[in-house]
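Take a look at the structure below.
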Amino acid sequence: MNPLLVAIGFVLAGGAAVSAQCRADAVDLRLAAGGSVHFSVEVADDAGERAKGLMFREEMSKSAGMLFYYERPQHAVFWMKNTLIPLDMIFADGTGRVTEVHANAIPHDETGIDGGQGVLAVLEINGGLAKKLGIVPGTLLRHPGFAQSTASWPCQAQ
């Protein structure tokens with residue numbers, strides 16, 4: 001059996017496997033085509049953590065990622081300096097709606113990856129997973145960092 005499919009199998013959900021509650025160390029995504037995905041995440045929510053990101057990591061679990069979170073929506077540009085593994089970058093606005101997906105960012109590439117204006121959060125996952133899972137613009141992210149009163153998928157909603 002394909003190990004990637006096994007790894008993805010436990011994060012894909014028709015509802016049951018998605019976290020029942022929002023947690024700071026997890027992100028749920030409601031896919032535009034139906035179903036949900038859950039990732040355990042490290043949160044980078046200050047300038048130092050955001051600057052380091054996933055640099056120098058040699059591997060990352062298929063069910064893991066890093067959530068970069070800003071104090072307010074802004075123009076976000078990322079690069080891959082000192083990053084050893086290919087990554088998908090999922091840019092979301094202040095409501096948690098995915099606005100841009102950059103697939104398979106190239107390790108060590110210093111070319112800017114522009115996520116656009118109004119970005120509040122960026123989820124980095126292993127390269128190629130966004131396409132395999134169906135994460136596209138319009139996908140909704142659920143995390144307690146989003147203002148729950150304006151979140152597209154608030155924590156209390158299942």
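In the structure tokens, each chain is lettered A, B, ... as it comes, each chain's residues begin at 1, and ligands are numbered from 1 in order of appearance.
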Just want the 9 Å neighbourhood of A:Glu71, counted on only C-alpha atoms, with same-chain residues fewer than 5 positions away dropped. Output as a tab-separated table (two decimals) with N, CA and C atoms, in the first residue's frame.
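Now in selection.tsv:
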chain	number	residue	atom	x	y	z
A	45	ASP	N	4.28	32.86	15.20
A	45	ASP	CA	3.45	34.05	15.34
A	45	ASP	C	4.20	35.29	15.81
A	46	ASP	N	5.53	35.23	15.74
A	46	ASP	CA	6.30	36.45	15.99
A	46	ASP	C	7.39	36.54	14.93
A	120	LEU	N	-3.52	36.88	6.33
A	120	LEU	CA	-3.40	36.82	7.78
A	120	LEU	C	-2.64	35.59	8.24
task = Check the DSSP output for the backbone and give back, as a PyMOL selection string, the residues of chain A in alpha helix (DSSP H).
result = chain A and resi 3-9+47-52+129-133
query = Pick the closest to A:Ile90 from A:Ala103, A:Ala51, A:Cys155, A:Cys22: which is it, counting only C-alpha atoms?
reply =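 For A:Ile90, the nearest of the given residues is A:Ala103.
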key: Residue among A:Glu110, A:Asp28, A:Glu100, A:Asp93 lying closest to A:Tyr69, counting only C-alpha atoms   =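 Residue with the minimum atom-to-atom distance to A:Tyr69: A:Asp93.
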request  = Find the residues around A:Asn104 up to 8 Å (only C-alpha atoms counted), leave out those fewer than 2 positions away in its own chain, and share them as JSON, numbers by chain.
outcome  = {"A": [86, 87, 88, 102, 106, 126, 127, 128]}
Those same residues - C-alpha atoms - I'd like them written as a tab-separated table (two decimals), in the first residue's frame.
chain	number	residue	atom	x	y	z
A	86	PRO	CA	9.74	21.24	-1.01
A	87	LEU	CA	6.69	22.95	0.48
A	88	ASP	CA	3.19	23.95	-0.51
A	102	HIS	CA	1.73	27.94	-4.21
A	106	ILE	CA	11.80	24.75	-4.50
A	126	ASN	CA	4.85	19.06	2.37
A	127	GLY	CA	5.16	19.83	-1.32
A	128	GLY	CA	2.52	18.21	-3.50
request  = Take atom CA of A:Trp153 and atom CA of A:Leu140 and report the distance between them in Å, one decimal.
outcome  =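 Taking atom CA of A:Trp153 as the start and atom CA of A:Leu140 as the end point, the length is 6.5 Å.
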task = Give me every strand (DSSP E or B) residue in chain A, going by DSSP on the backbone, as a ChimeraX atom specification.
result = /A:12-13,26-30,36-44,64-78,87-92,97-105,113-126,140-142
